[in-house]
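What follows is the content of data26.cif (mmCIF, C-alpha atoms).
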```
data_upload
loop_
_atom_site.label_atom_id
_atom_site.label_comp_id
_atom_site.auth_asym_id
_atom_site.auth_seq_id
_atom_site.Cartn_x
_atom_site.Cartn_y
_atom_site.Cartn_z
CA MET K 215 0.00 0.00 0.00
CA PHE K 216 2.64 2.50 0.89
CA GLN K 217 5.83 1.14 -0.58
CA VAL K 218 6.37 -1.39 -3.32
CA ILE K 219 9.11 -3.77 -2.34
CA GLY K 220 9.14 -5.95 -5.41
CA GLY K 221 10.98 -9.13 -4.88
CA ARG K 222 11.11 -12.20 -2.77
CA GLY K 223 8.92 -13.15 0.09
CA VAL K 224 9.12 -10.21 2.43
CA GLN K 225 6.93 -10.72 5.44
CA VAL K 226 4.21 -8.24 5.64
CA THR K 227 0.95 -6.49 5.98
CA ARG K 228 0.96 -5.72 9.55
CA LEU K 229 -0.99 -2.55 10.03
CA LEU K 230 -0.65 -0.25 12.94
CA ALA K 231 -1.05 -2.95 15.53
CA PRO K 232 -2.22 -1.20 18.63
CA GLY K 233 0.02 -1.60 21.61
CA ARG K 234 3.12 -2.05 19.49
CA ALA K 235 6.08 0.13 20.32
CA VAL K 236 7.47 0.48 16.79
CA LEU K 237 5.63 1.70 13.68
CA VAL K 238 5.75 -0.86 10.86
CA GLU K 239 4.77 0.19 7.35
CA ALA K 240 2.51 -2.06 5.29
CA VAL K 241 4.41 -3.71 2.47
CA ARG K 242 3.05 -5.20 -0.73
CA GLY K 243 4.79 -8.58 -0.77
CA ARG K 244 5.30 -10.68 -3.91
CA LYS K 245 2.67 -9.08 -6.15
CA SER K 246 2.60 -5.51 -7.42
CA ARG K 247 -0.60 -3.48 -7.80
CA THR K 248 -1.06 -4.54 -11.45
CA ASP K 249 -0.97 -8.29 -10.78
CA THR K 250 -4.33 -10.10 -10.79
CA VAL K 251 -5.79 -11.41 -7.57
CA ALA K 252 -5.58 -15.16 -7.13
CA LYS K 253 -8.73 -17.26 -7.72
CA SER K 254 -8.93 -18.43 -4.14
CA LYS K 255 -8.66 -14.86 -2.86
CA GLN K 256 -11.25 -13.28 -5.16
CA GLY K 257 -13.86 -12.23 -2.61
CA ARG K 258 -11.51 -11.81 0.32
CA ILE K 259 -11.83 -8.83 2.58
CA LYS K 260 -8.81 -8.39 4.73
CA VAL K 261 -9.74 -7.83 8.34
CA PRO K 262 -7.32 -6.85 11.08
CA PRO K 263 -6.98 -9.31 13.93
CA PRO K 264 -9.67 -8.99 16.61
CA VAL K 265 -8.77 -6.85 19.59
CA ASP K 266 -10.20 -7.25 23.07
CA PRO K 267 -10.84 -3.69 24.37
CA THR K 268 -10.39 -4.43 28.07
CA GLU K 269 -7.23 -6.36 27.35
CA MET K 270 -6.10 -3.50 25.08
CA VAL K 271 -6.53 -0.92 27.82
CA VAL K 272 -4.60 -3.06 30.26
CA LEU K 273 -1.94 -3.72 27.64
CA LYS K 274 -1.55 -0.03 26.85
CA GLU K 275 -1.02 0.73 30.51
CA ARG K 276 1.51 -2.02 30.80
CA TYR K 277 3.34 -0.85 27.70
CA ALA K 278 3.47 2.73 28.96
CA GLU K 279 4.99 1.57 32.23
CA TYR K 280 7.41 -0.78 30.43
CA GLU K 281 8.60 1.89 28.05
CA MET K 282 9.09 4.35 30.87
CA ILE K 283 11.21 1.88 32.78
CA THR K 284 13.25 0.89 29.74
CA ARG K 285 13.85 4.52 28.87
CA ALA K 286 15.09 5.19 32.36
CA LEU K 287 17.35 2.13 32.21
CA ARG K 288 18.77 3.21 28.88
CA LEU K 289 19.60 6.67 30.17
CA GLU K 290 21.23 5.14 33.24
CA PHE K 291 23.39 2.89 31.11
CA LYS K 292 24.34 5.77 28.86
CA GLU K 293 25.38 7.78 31.88
CA GLU K 294 27.41 4.88 33.18
CA VAL K 295 29.24 4.46 29.87
CA LEU K 296 30.06 8.17 29.75
CA ARG K 297 31.21 8.14 33.34
CA LYS K 298 33.51 5.20 32.72
CA LYS K 299 34.97 6.88 29.67
CA TYR K 300 35.51 10.09 31.60
CA GLU K 301 37.10 8.33 34.51
CA GLU K 302 39.43 6.44 32.27
CA GLU K 303 40.64 9.59 30.61
CA THR K 304 40.73 12.11 33.44
CA GLY K 305 40.24 10.00 36.53
CA SER K 306 42.36 9.63 39.64
CA MET K 307 44.28 6.64 38.33
CA ALA K 308 44.89 8.13 34.92
CA GLU K 309 47.61 10.57 35.98
CA GLU K 310 49.48 7.98 38.00
CA ARG K 311 49.25 5.55 35.17
CA SER K 312 50.54 8.07 32.65
CA ARG K 313 53.38 9.01 34.98
CA GLN K 314 54.33 5.38 35.49
CA GLU K 315 54.24 4.79 31.80
CA ALA K 316 56.52 7.76 31.17
CA GLU K 317 58.96 6.49 33.76
CA GLU K 318 58.95 3.03 32.26
CA HIS K 319 59.56 4.52 28.85
CA ARG K 320 62.50 6.55 30.12
CA ALA K 321 64.05 3.56 31.86
CA LEU K 322 63.65 1.43 28.79
CA MET K 323 65.21 4.11 26.60
CA VAL K 324 68.21 4.32 28.95
CA PHE K 325 68.56 0.55 28.85
CA ASN K 326 68.33 0.65 25.10
CA ASP K 327 71.08 3.24 24.87
CA GLN K 328 73.33 1.18 27.12
CA GLU K 329 72.76 -1.88 25.01
CA ASN K 330 73.52 0.06 21.87
CA LEU K 331 76.77 1.31 23.37
CA ARG K 332 77.82 -2.17 24.38
CA MET K 333 76.97 -3.51 20.97
CA LEU K 334 78.92 -0.70 19.38
CA GLN K 335 82.03 -1.47 21.39
CA GLN K 336 81.79 -5.14 20.58
CA ARG K 337 81.32 -4.33 16.97
CA VAL K 338 84.33 -2.00 16.88
CA VAL K 339 86.56 -4.66 18.45
CA ARG K 340 85.28 -7.27 16.04
CA ILE K 341 85.85 -5.08 13.03
CA GLN K 342 89.38 -4.36 14.23
CA MET K 343 90.13 -8.06 14.54
CA GLU K 344 88.71 -8.73 11.14
CA LYS K 345 90.77 -5.98 9.56
CA GLU K 346 93.96 -7.26 11.10
CA GLU K 347 93.20 -10.76 9.96
CA ALA K 348 92.52 -9.54 6.46
CA GLU K 349 95.80 -7.69 6.40
CA ASN K 350 97.66 -10.74 7.63
CA LYS K 351 96.02 -12.82 5.00
CA GLN K 352 96.97 -10.37 2.31
CA VAL K 353 100.58 -10.36 3.41
CA GLU K 354 100.66 -14.12 3.49
CA ALA K 355 99.08 -14.29 0.08
CA ALA K 356 101.72 -11.95 -1.30
CA ILE K 357 104.46 -14.09 0.19
CA GLU K 358 102.88 -17.18 -1.29
CA ARG K 359 102.72 -15.59 -4.68
CA GLU K 360 106.35 -14.60 -4.48
CA LEU K 361 107.33 -18.12 -3.56
CA GLN K 362 105.31 -19.50 -6.40
CA GLN K 363 106.97 -17.18 -8.81
CA GLN K 364 110.38 -18.20 -7.56
CA GLU K 365 109.50 -21.84 -7.93
CA PHE K 366 108.30 -21.26 -11.44
CA ILE K 367 111.46 -19.47 -12.40
CA LYS K 368 113.58 -22.24 -10.94
CA GLU K 369 111.58 -24.85 -12.76
CA LYS K 370 112.06 -23.05 -16.04
CA GLU K 371 115.79 -22.67 -15.45
CA ARG K 372 116.06 -26.37 -14.76
CA GLU K 373 114.31 -27.14 -17.96
CA ILE K 374 116.58 -24.83 -19.89
CA LEU K 375 119.65 -26.50 -18.42
CA LYS K 376 118.27 -29.90 -19.25
CA LEU K 377 117.60 -28.79 -22.78
CA GLN K 378 121.09 -27.46 -23.07
CA GLU K 379 122.42 -30.77 -21.86
CA ASP K 380 120.32 -32.63 -24.36
CA ALA K 381 121.34 -30.30 -27.15
CA LYS K 382 124.79 -31.79 -27.01
CA ASN K 383 123.40 -35.14 -28.06
CA PHE K 384 121.24 -33.89 -30.91
CA ILE K 385 121.70 -35.18 -34.41
CA THR K 386 122.58 -32.31 -36.75
CA LEU K 387 123.51 -32.27 -40.39
CA GLU K 388 127.21 -32.52 -39.57
CA ASN K 389 126.71 -35.41 -37.15
CA LEU K 390 124.35 -37.26 -39.37
CA ASP K 391 126.78 -39.52 -41.13
CA GLN K 392 128.75 -40.12 -37.99
CA ARG K 393 125.69 -41.12 -36.03
CA ILE K 394 124.43 -43.40 -38.72
CA GLU K 395 127.76 -45.11 -38.73
CA GLU K 396 127.65 -45.45 -34.97
CA ALA K 397 124.11 -46.81 -34.99
CA LEU K 398 124.86 -49.36 -37.60
CA ASP K 399 127.95 -50.41 -35.73
CA SER K 400 126.20 -51.10 -32.48
CA PRO K 401 123.12 -53.25 -32.98
CA LYS K 402 120.80 -53.15 -29.98
CA ASN K 403 118.54 -56.03 -29.14
CA TYR K 404 115.18 -55.08 -27.65
CA ASN K 405 113.78 -58.60 -27.52
CA PHE K 406 113.03 -60.17 -24.17
CA ALA K 407 110.88 -62.86 -22.73
CA VAL K 408 108.54 -62.89 -19.75
CA ASP K 409 107.12 -65.94 -18.06
CA LYS K 410 104.03 -66.25 -15.97
CA GLU K 411 105.78 -65.41 -12.73
CA GLY K 412 107.03 -62.15 -14.18
CA ARG K 413 110.69 -63.04 -14.57
CA VAL K 414 112.22 -61.10 -17.42
CA VAL K 415 114.76 -62.82 -19.62
CA LYS K 416 116.84 -60.48 -21.77
CA GLN K 417 119.27 -63.06 -23.08
CA THR K 418 118.18 -64.18 -26.51
CA MET K 419 119.59 -65.67 -29.65
CA LEU K 420 121.60 -62.88 -31.24
CA GLN K 421 121.77 -62.89 -34.95
CA MET A 858 37.89 3.11 19.40
CA VAL A 859 34.69 3.99 21.22
CA HIS A 860 31.39 2.79 19.79
CA LEU A 861 29.75 5.88 21.19
CA SER A 862 26.21 6.39 19.90
CA SER A 863 24.72 6.45 16.43
CA LEU A 864 26.45 9.74 15.61
CA LEU A 865 29.69 8.02 14.86
CA LEU A 866 28.07 5.01 13.18
CA LYS A 867 25.99 7.02 10.73
CA ASN A 868 29.04 8.24 8.89
CA TYR A 869 29.72 4.83 7.43
CA HIS A 870 26.77 2.60 8.13
CA GLY A 871 23.92 5.04 8.29
CA GLY A 872 22.39 2.46 10.60
CA TYR A 873 22.17 1.53 14.21
CA VAL A 874 23.21 -1.32 16.41
CA VAL A 875 20.73 -3.96 17.47
CA ILE A 876 20.92 -6.70 20.04
CA ARG A 877 19.23 -9.71 18.50
CA LEU A 878 19.24 -13.49 18.12
CA ALA A 879 21.38 -14.95 15.35
CA LEU A 880 21.21 -18.60 14.36
CA ALA A 881 24.54 -20.21 15.19
CA GLY A 882 25.87 -22.03 12.15
CA HIS A 883 25.76 -25.62 13.37
CA LYS A 884 24.36 -26.75 10.03
CA GLN A 885 22.21 -29.44 11.59
CA ALA A 886 18.58 -29.74 10.56
CA ASN A 887 15.89 -29.36 13.25
CA ARG A 888 18.36 -28.33 15.93
CA PRO A 889 18.42 -24.55 16.29
CA PHE A 890 20.76 -22.67 18.59
CA TYR A 891 20.84 -18.91 18.90
CA ARG A 892 23.54 -16.48 19.79
CA ILE A 893 22.64 -13.18 21.40
CA VAL A 894 24.60 -10.73 19.36
CA ALA A 895 25.23 -7.02 18.91
CA ALA A 896 25.21 -6.31 15.16
CA TYR A 897 24.41 -3.49 12.75
CA ASN A 898 20.82 -3.29 11.69
CA LYS A 899 21.18 -4.02 7.99
CA ARG A 900 23.54 -6.97 8.33
CA ALA A 901 22.31 -10.48 7.56
CA ARG A 902 20.85 -12.29 10.51
CA ASP A 903 23.70 -14.77 10.66
CA GLY A 904 26.30 -12.46 9.16
CA LYS A 905 29.16 -10.54 10.66
CA TYR A 906 28.37 -9.17 14.09
CA ILE A 907 30.15 -6.74 16.35
CA GLU A 908 30.18 -8.79 19.53
CA GLN A 909 28.53 -11.86 20.99
CA LEU A 910 26.67 -11.16 24.20
CA GLY A 911 25.25 -14.54 25.09
CA THR A 912 23.41 -17.65 23.92
CA TYR A 913 19.90 -19.07 23.84
CA ASP A 914 18.97 -22.70 23.38
CA PRO A 915 15.29 -22.97 22.38
CA LEU A 916 14.99 -26.72 22.88
CA PRO A 917 14.57 -27.88 26.49
CA ASN A 918 17.18 -30.25 27.92
CA ILE A 919 16.71 -33.45 29.89
CA TYR A 920 15.75 -31.51 33.03
CA ASN A 921 13.18 -29.59 31.00
CA GLU A 922 15.13 -26.32 31.09
CA LYS A 923 15.86 -23.88 28.29
CA LEU A 924 19.36 -22.51 28.84
CA VAL A 925 20.15 -18.84 28.31
CA SER A 926 23.33 -16.92 29.00
CA PHE A 927 23.94 -13.16 29.12
CA ASN A 928 27.00 -10.96 29.38
CA PHE A 929 25.31 -8.21 31.39
CA ASP A 930 28.32 -5.94 31.52
CA ARG A 931 28.61 -5.72 27.77
CA ILE A 932 24.83 -5.54 27.29
CA LYS A 933 24.80 -2.50 29.57
CA TYR A 934 27.59 -0.98 27.53
CA TRP A 935 25.83 -1.50 24.23
CA ILE A 936 22.49 -0.22 25.44
CA GLY A 937 24.35 2.75 26.83
CA CYS A 938 25.84 3.29 23.36
CA GLY A 939 22.35 3.28 21.88
CA ALA A 940 21.63 -0.29 20.77
CA HIS A 941 18.04 -1.43 20.21
CA PRO A 942 17.04 -4.78 21.65
CA THR A 943 14.54 -6.82 19.63
CA LYS A 944 11.26 -8.19 20.97
CA PRO A 945 12.43 -11.72 21.84
CA ILE A 946 15.56 -10.31 23.46
CA SER A 947 13.50 -7.92 25.55
CA LYS A 948 11.29 -10.80 26.61
CA LEU A 949 14.25 -12.94 27.58
CA LEU A 950 15.86 -10.10 29.48
CA GLY A 951 12.56 -9.45 31.22
CA LEU A 952 12.34 -13.06 32.30
CA ALA A 953 15.93 -12.89 33.47
CA GLY A 954 15.17 -9.90 35.65
CA PHE A 955 17.54 -7.47 33.95
CA PHE A 956 14.66 -5.58 32.29
CA PRO A 957 11.12 -5.24 33.60
CA LEU A 958 8.79 -8.06 32.50
CA HIS A 959 7.59 -7.51 28.94
CA PRO A 960 3.84 -6.78 28.72
CA MET A 961 3.33 -9.45 26.10
CA THR A 962 4.81 -12.10 28.40
CA ILE A 963 2.17 -11.25 30.98
CA THR A 964 -0.63 -11.07 28.41
CA GLU A 965 0.40 -14.37 26.82
CA ALA A 966 0.44 -16.02 30.22
CA GLU A 967 -2.99 -14.61 31.04
CA ARG A 968 -4.42 -15.76 27.74
CA GLN A 969 -3.03 -19.22 28.25
CA ARG A 970 -4.42 -19.36 31.73
CA ALA A 971 -7.81 -18.22 30.45
CA GLN A 972 -7.65 -20.98 27.88
CA THR A 973 -6.75 -23.77 30.28
CA GLU A 974 -8.99 -22.65 33.17
CA PRO A 975 -12.37 -23.86 31.90
CA ILE A 976 -10.86 -27.33 31.29
CA ALA A 977 -9.44 -27.47 34.81
CA ALA A 978 -12.32 -25.67 36.47
CA GLY A 979 -14.95 -27.92 34.83
CA PRO A 980 -14.54 -30.97 37.05
CA GLY A 981 -13.23 -28.78 39.92
CA ASP A 982 -16.22 -26.41 39.98
CA ASP A 983 -18.73 -28.95 41.25
CA LEU A 984 -16.43 -29.84 44.12
CA GLN A 985 -16.07 -26.14 45.02
CA GLN A 986 -19.83 -25.63 44.90
CA GLY A 987 -20.33 -28.69 47.04
CA GLN A 988 -17.88 -27.27 49.64
CA LYS A 989 -19.56 -23.86 49.65
CA GLU A 990 -22.91 -25.50 50.30
CA ALA A 991 -21.47 -27.61 53.06
CA GLU A 992 -19.71 -24.71 54.87
CA PRO A 993 -22.53 -22.47 55.92
#
```

Rewrite the coordinates I just gave you, this time as structure tokens.
Amino acid sequence: MFQVIGGRGVQVTRLLAPGRAVLVEAVRGRKSRTDTVAKSKQGRIKVPPPVDPTEMVVLKERYAEYEMITRALRLEFKEEVLRKKYEEETGSMAEERSRQEAEEHRALMVFNDQENLRMLQQRVVRIQMEKEEAENKQVEAAIERELQQQEFIKEKEREILKLQEDAKNFITLENLDQRIEEALDSPKNYNFAVDKEGRVVKQTMLQ
Amino acid sequence: MVHLSSLLLKNYHGGYVVIRLALAGHKQANRPFYRIVAAYNKRARDGKYIEQLGTYDPLPNIYNEKLVSFNFDRIKYWIGCGAHPTKPISKLLGLAGFFPLHPMTITEAERQRAQTEPIAAGPGDDLQQGQKEAEP
């Protein structure tokens, strides 16, 4: 009647029920004003629920009293909430609490500073140690490298000497004939025999 | 954060807080169990609530009692912040003694008594009449 709430099954059609505390608007329900009335509801006249007048009078009195009491209770509770809030913020305990908190904060900050100082000193010492160790390592590494280089040089010198020694025995164009002669003159026998026990026998039939 | 009165709530919700029964999600057919809950008005019945303030078990137990629990401290706080209790909650609180007895509780009781009286008074009436005749 008053507001179309088109849609699903919204519960409804309660008129101004007397004795009710809250005003409830009448609502149309599933069907809008243009929908046809159902066959079973063709001649229906909607009648509000029957009300007993004596009961209604008594009920109204009771409701008036009830509402008065609940209103008073609500105001009391509101006052209590406000009072609690006020006391928490500006009460007798609030100042002490804030003071204690400030003191705690100060003490903790001092402690924190001390800890930081201690940590700093430890850190400084540690960094010093690490630096010294690094330096030592560097020096040692340099020494190692030097040694390595020396070794390398020595190795190379040894090789050179060896090569020089070997050079004396090389076959050159001048030595060629001489060496051939020498080789042909001294036949070398590479044959040998080995048995199962591993004994080597170099003495063979020379031809 | 203080939930102080509808002034602060209207900025976002534009609604008010209610104290009502919400069905606890036990997901068991034919076994309801309600929580007494402070929630915003437009929220779903079983949806997100602000705070739980108690319970209500509608089915009677083996000693024929229906168990209800309330957190009176918090209920006082919420009503002080401007929450509206619903009809069943007001009735329960009335029966508990925290609120005055709801008028409908009294009227329902009277109606029920009026309904059951004639049945009880029928066989009892003759006895009473017999006594009255015998006295004087």

- [ ] Using all atoms listed in the file, find the residues of chain A whose closest atom to chain K is at most 7 Å away, then write them as JSON, numbers by chain.
- [x] {"A": [933, 934, 936, 937, 938, 957, 959, 960]}

The distance between CA of Thr964 in chain A and CA of Leu950 in chain A is 16.6 Å

Report task. Taking the file as shown, find all residues satisfying the PyMOL selection byres ((chain A and resi 908-924) around 7) and write them as a PyMOL selection string. Result -> chain A and resi 890-895+906-907+925-928+931-932

What would the file look like if the residues just selected were written as a compact mmCIF listing (two decimals), keeping the file's coordinate frame with C-alpha atoms?
```txt
# COMPACT_ATOMS: atom_id res chain seq x y z
CA PHE A 890 20.76 -22.67 18.59
CA TYR A 891 20.84 -18.91 18.90
CA ARG A 892 23.54 -16.48 19.79
CA ILE A 893 22.64 -13.18 21.40
CA VAL A 894 24.60 -10.73 19.36
CA ALA A 895 25.23 -7.02 18.91
CA TYR A 906 28.37 -9.17 14.09
CA ILE A 907 30.15 -6.74 16.35
CA VAL A 925 20.15 -18.84 28.31
CA SER A 926 23.33 -16.92 29.00
CA PHE A 927 23.94 -13.16 29.12
CA ASN A 928 27.00 -10.96 29.38
CA ARG A 931 28.61 -5.72 27.77
CA ILE A 932 24.83 -5.54 27.29
```

message = Report as a list in words all protein, DNA and RNA residues lying within 9 Å of Leu958 in chain A, evaluated on all atoms listed in the file, omitting residues in the same chain fewer than 6 positions from it.
response =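 So the residues in contact are Tyr280 of chain K; Ser947, Lys948, Leu949, Leu950, Gly951 and Leu952 of chain A.
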
CA of Gln328 in chain K to CA of Arg313 in chain K measures 22.8 Å

**Request:** Decode the PyMOL selection byres ((chain A and resi 875) around 8) for the given file into explicit residues and return them as a count of residues only.
**Result:** 12

query: Please, what distance in Å, to one decimal, runs between CA of Ser312 in chain K and CA of Asn326 in chain K?
result: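 Answer for the CA of Ser312 in chain K to CA of Asn326 in chain K separation: 20.7 Å.
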